[in-house]
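Visitor: My structure is below; once you've seen it, I'll send some questions.
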Amino acid sequence: MLSLLQRAVRQSTASTPLATAYSGRANSFGALRLAFALAVVLSHSAALGFGRPLMPRIDLGALAVAGFFAISGFLIVRSGRRSSIPRFLWHRALRIWPGLWVCLLFTGLVVAPLLYLDRHGTVDGLWRSPGGVLDYLRLNWWGGLRQFGIADVLVGDTPYWRWQGGNTINGSLWTLAYECFCYLIVAVLAALTILRRQLRWLPLLALVVVFGVLCWNYYQAGVPGQQLWTTGEIGPLPLLGALREDSFLWYGFMFLAGGVAELYSDRMPINDLLGVLSLVVIGWFAATGNFFGPGLLAYAYVIFWLAVRLPRALHRIGKVNDYSYGLYIYSFVAQQVMAKFGVQAIGLAGFFVVSALVSTGLAVLSWHLVEKQALKLKNWTPEALRERPEEPAPPRDGGMTPNPSNGSVAASPLAGRAPDFGPAPATAPAVG
């Protein structure tokens, strides 16, 4: 018994660098992303179905989105370090935009007309009028949610409207602008070589500074005008619109924490005791209802600890088919439609289950018909940027050999191609 106890203590206190514990395939990031997406659906079930928060002290949906940003920071910085800038931006565009575009078209060309027809008995005035479908598509096409509703399709008809007065048809999309902005920051840092090992201390310094700002804001909460980055906006930015400073501070910190974890993965310890203590810290902050610097840092650590410590059976989730993005972008609109027609009458648990099933069905279609097909183009390179194979050197006699039958000179059958005794010139791989 004593030996077992000693072994358990040694195992719980032993540390392994994240770089050693993490594997590109043997990890639970896919399972965690799916769990975060379902947490958002659960949080929205209360807000959209019943016009109230799920929990009085903590916003589960915001916490789940923060988890998304931590994982994204780790993986995106990893991609930024290993890819050329054009290839990095191409991969990010393929992952975000095709799925978003089809979701917007589905919302604007299928959902909105049905809701408008149910309200007005016609679709006249839905398309080109201010705040109509065309404006919705044009303003939201590149990831910035600059128009929340479409005409009056949800005005007065949903619990969310009665609670918040919101005509929002797909509120989940608002975080994509922050995600895209973080991608652009990573691209700039990669171009400036700041993601290299010699300069990785700069993102770490930025993390310390943002951590200090979060702590300062927490302790200055009761002092008017003393908080930093809580009331203004960044932008408006081209295509993305304006970003709220308080939201960018929150989610940007989590993205930065994930990026620093990747940059320092060779030094970041994965320790079971530290993981359990971080869970305790998270529980304490959840009970108090106010996550700030230390709580968010503990939350980020738990995410990476769980990614390498959860059972191996969970490693399969999301490796081949990743439904988390589709579940996230379709669930809000699905829940709004169901809430309009009274599906929430079955209760919170039932509404969550039904909306999760419907949203998962849409996510499955989105992945197999759109997202997965788009990702097949990740290695595509424009014709003008492809490297050409080197032309083989001509034979010394210009490709002409004597014809033994008549003494004349004839073209050699080997002229213009590599000789059989040497390797043929290989086609160069695509750029990036």
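Order determines the names: the first chain of the structure tokens is A, the second B, and so forth; residues in each chain are numbered 1 upward, and ligands are numbered 1 upward as they are shown.
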If we count only C-alpha atoms and set the cut-off at 8 Å, which residues sit around Leu375 in chain A, ignoring sequence neighbours fewer than 6 positions away in its own chain? Please answer as a list in words.

Guide: His91, Leu94 and Arg95 of chain A

Visitor: Set the distance at 12 Å and use only C-alpha atoms: which residues neighbour His368 in chain A once local chain neighbours fewer than 5 positions away are removed? I'd like the list as an mmCIF file with C-alpha atoms, in the first residue's frame.

Guide:
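The resulting out-v3.cif:
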data_model
loop_
_atom_site.group_PDB
_atom_site.id
_atom_site.type_symbol
_atom_site.label_atom_id
_atom_site.label_comp_id
_atom_site.auth_asym_id
_atom_site.auth_seq_id
_atom_site.Cartn_x
_atom_site.Cartn_y
_atom_site.Cartn_z
ATOM 1 C CA GLY A 99 -18.407 27.324 -44.028
ATOM 2 C CA VAL A 320 -11.142 12.966 -39.273
ATOM 3 C CA ASN A 321 -14.455 14.827 -39.048
ATOM 4 C CA ASP A 322 -14.506 18.099 -37.102
ATOM 5 C CA TYR A 323 -18.092 19.200 -36.515
ATOM 6 C CA GLY A 326 -20.443 23.936 -37.952
ATOM 7 C CA GLY A 361 -27.182 17.586 -38.266
ATOM 8 C CA LEU A 362 -26.498 20.937 -39.928
ATOM 9 C CA ALA A 363 -22.864 20.745 -38.780
ATOM 10 C CA GLN A 373 -14.255 19.915 -49.610
ATOM 11 C CA ALA A 374 -12.693 23.351 -49.177
ATOM 12 C CA LEU A 375 -9.825 21.958 -47.123
ATOM 13 C CA LYS A 376 -8.878 19.700 -50.019
#

Visitor: Mind checking which residues fall within 7 Å of Arg146 in chain A, counting only C-alpha atoms, ignoring those fewer than 5 positions away in the same chain, and posting them as a ChimeraX atom specification?

Guide: /A:139-140,241

Visitor: Give the strand (DSSP E or B) residues of range 140-371 of chain A, as DSSP finds them on the backbone, and put them as a compact mmCIF listing (two decimals) with C-alpha atoms, in the first residue's frame.

Guide:
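Contents of part33.txt, freshly written:
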# COMPACT_ATOMS: atom_id res chain seq x y z
CA GLU A 233 -13.56 50.06 -29.83
CA ILE A 234 -10.84 48.97 -32.22
CA GLY A 235 -11.64 50.21 -35.71
CA PRO A 236 -13.89 50.00 -37.56
CA LEU A 237 -11.59 47.65 -39.44
CA GLY A 241 -16.11 46.23 -38.51
CA ALA A 242 -15.45 47.51 -35.00
CA LEU A 243 -14.14 45.26 -32.22
CA ARG A 244 -15.04 45.98 -28.63
CA PRO A 269 5.38 21.65 -17.59
CA ILE A 270 2.46 19.25 -17.78
CA ASN A 271 1.96 18.24 -14.18

Visitor: Identify, on the basis of only C-alpha atoms, every residue whose closest approach to Leu34 in chain A does not exceed 10 Å; exclude the query and any residue fewer than 4 positions from it along the same chain; express the result as a list in words.

Guide: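 Surrounding residues, per the criterion: Ser28, Phe29, Gly30, Leu38, Ala39, Val40, Phe68, Ile317, Gly318, Asp322, Tyr323, Ser324, Tyr325, Leu327 and Tyr328 of chain A.
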
Visitor: Which neighbours of Ser331 in chain A fall inside 12 Å, counting only C-alpha atoms, when residues of the same chain fewer than 2 positions from it are skipped, and could you give them as a PyMOL selection string?

Guide: chain A and resi 37-45+48+103+107+169-173+323-329+333-339+351-363

Visitor: Could you tell me how far CA of Cys180 in chain A sits from CA of Phe148 in chain A, in Å to one decimal place?

Guide: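 Computing it gives 18.1 Å between the two atoms.
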
Visitor: Expressed in Å to a single decimal, how great is the separation between CA of Ala190 in chain A and CA of Gly295 in chain A?

Guide: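 Interatomic distance here is 28.9 Å.
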
Visitor: Nearest residue to Ala64 in chain A out of A:Val223, A:Leu207, A:Ala47, A:Leu32, using only C-alpha atoms?

Guide: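 Nearest candidate to Ala64 in chain A out of A:Val223, A:Leu207, A:Ala47, A:Leu32: A:Leu32.
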
Visitor: Rounded to one decimal in Å, what is the spacing between CA of Gln344 in chain A and CA of Tyr160 in chain A?

Guide: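 So the two atoms, CA of Gln344 in chain A and CA of Tyr160 in chain A, lie 12.0 Å apart.
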
Visitor: Choose the residue, out of A:Gly51, A:Gly232, A:Gly121, A:Gly289, that has the smallest atom-to-atom separation from Glu245 in chain A; count only C-alpha atoms.

Guide: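 Smallest separation from Glu245 in chain A among the options: A:Gly232.
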
Visitor: For Thr381 in chain A, which residue among A:Ala26, A:Leu145, A:Ala257, A:Pro86 is the nearest when counting only C-alpha atoms?

Guide: A:Pro86

Visitor: Could you check the closest approach to Ser23 in chain A for each of A:Ala151, A:Leu75, A:Ala300, A:Ile185 and tell me which residue wins, using only C-alpha atoms?

Guide: A:Leu75

Visitor: As a PyMOL selection string, please: all residues of range 210-344 of chain A that backbone DSSP puts in helix (DSSP H, G or I).

Guide: chain A and resi 210-219+245-263+272-288+293-309+312-316+324-340+343-344

Visitor: Which one of A:Tyr251, A:Phe50, A:Trp216, A:Trp201 sits closest to Gln164 in chain A if you count only C-alpha atoms?

Guide: A:Phe50

Visitor: Excluding Arg200 in chain A and its own-chain neighbours fewer than 5 positions away, which residues fall within 12 Å of it when counting only C-alpha atoms? Please give them as an MDAnalysis selection string.

Guide: chainID A and resid 77 81 189:190 192:195 205:207 256 259:265

Visitor: Could you write out that same residue set with N, CA and C atoms as an mmCIF file, in the first residue's frame?

Guide:
data_model
loop_
_atom_site.group_PDB
_atom_site.id
_atom_site.type_symbol
_atom_site.label_atom_id
_atom_site.label_comp_id
_atom_site.auth_asym_id
_atom_site.auth_seq_id
_atom_site.Cartn_x
_atom_site.Cartn_y
_atom_site.Cartn_z
ATOM 1 N N VAL A 77 -0.650 29.625 -33.918
ATOM 2 C CA VAL A 77 0.760 30.004 -33.810
ATOM 3 C C VAL A 77 1.645 28.871 -34.312
ATOM 4 N N ARG A 81 4.259 29.330 -37.482
ATOM 5 C CA ARG A 81 5.693 29.067 -37.400
ATOM 6 C C ARG A 81 6.170 28.113 -38.486
ATOM 7 N N LEU A 189 3.240 38.871 -36.989
ATOM 8 C CA LEU A 189 4.332 38.424 -36.115
ATOM 9 C C LEU A 189 5.249 37.437 -36.838
ATOM 10 N N ALA A 190 4.642 36.552 -37.633
ATOM 11 C CA ALA A 190 5.457 35.601 -38.393
ATOM 12 C C ALA A 190 6.302 36.329 -39.432
ATOM 13 N N LEU A 192 7.446 39.284 -39.236
ATOM 14 C CA LEU A 192 8.501 40.022 -38.532
ATOM 15 C C LEU A 192 9.474 39.096 -37.799
ATOM 16 N N THR A 193 9.306 37.785 -37.994
ATOM 17 C CA THR A 193 10.147 36.742 -37.382
ATOM 18 C C THR A 193 10.059 36.736 -35.859
ATOM 19 N N ILE A 194 9.002 37.301 -35.297
ATOM 20 C CA ILE A 194 8.874 37.336 -33.834
ATOM 21 C C ILE A 194 8.491 35.972 -33.280
ATOM 22 N N LEU A 195 7.972 35.085 -34.122
ATOM 23 C CA LEU A 195 7.602 33.751 -33.652
ATOM 24 C C LEU A 195 8.801 32.800 -33.617
ATOM 25 N N LEU A 205 6.177 38.585 -23.098
ATOM 26 C CA LEU A 205 6.081 39.894 -22.460
ATOM 27 C C LEU A 205 4.698 40.497 -22.684
ATOM 28 N N ALA A 206 4.166 40.349 -23.885
ATOM 29 C CA ALA A 206 2.818 40.849 -24.161
ATOM 30 C C ALA A 206 1.781 40.156 -23.271
ATOM 31 N N LEU A 207 1.952 38.847 -23.059
ATOM 32 C CA LEU A 207 1.035 38.124 -22.178
ATOM 33 C C LEU A 207 1.094 38.665 -20.761
ATOM 34 N N LEU A 256 -3.604 34.661 -26.841
ATOM 35 C CA LEU A 256 -2.184 34.897 -26.574
ATOM 36 C C LEU A 256 -1.622 33.843 -25.627
ATOM 37 N N GLY A 259 -0.965 30.844 -27.686
ATOM 38 C CA GLY A 259 0.212 31.041 -28.530
ATOM 39 C C GLY A 259 1.511 30.937 -27.755
ATOM 40 N N VAL A 260 1.549 31.523 -26.557
ATOM 41 C CA VAL A 260 2.757 31.445 -25.730
ATOM 42 C C VAL A 260 3.004 30.009 -25.279
ATOM 43 N N ALA A 261 1.924 29.269 -25.003
ATOM 44 C CA ALA A 261 2.082 27.853 -24.642
ATOM 45 C C ALA A 261 2.762 27.080 -25.769
ATOM 46 N N GLU A 262 2.432 27.410 -27.017
ATOM 47 C CA GLU A 262 3.090 26.742 -28.138
ATOM 48 C C GLU A 262 4.538 27.176 -28.271
ATOM 49 N N LEU A 263 4.791 28.468 -28.122
ATOM 50 C CA LEU A 263 6.153 28.978 -28.266
ATOM 51 C C LEU A 263 7.079 28.433 -27.187
ATOM 52 N N TYR A 264 6.527 28.213 -25.999
ATOM 53 C CA TYR A 264 7.326 27.712 -24.875
ATOM 54 C C TYR A 264 6.932 26.283 -24.501
ATOM 55 N N SER A 265 6.478 25.521 -25.480
ATOM 56 C CA SER A 265 6.052 24.152 -25.192
ATOM 57 C C SER A 265 7.199 23.279 -24.699
#

Visitor: Hey, which of A:Ala187, A:Val102, A:Trp229, A:Leu154 ends up closest to Leu369 in chain A? Count only C-alpha atoms.

Guide: A:Val102
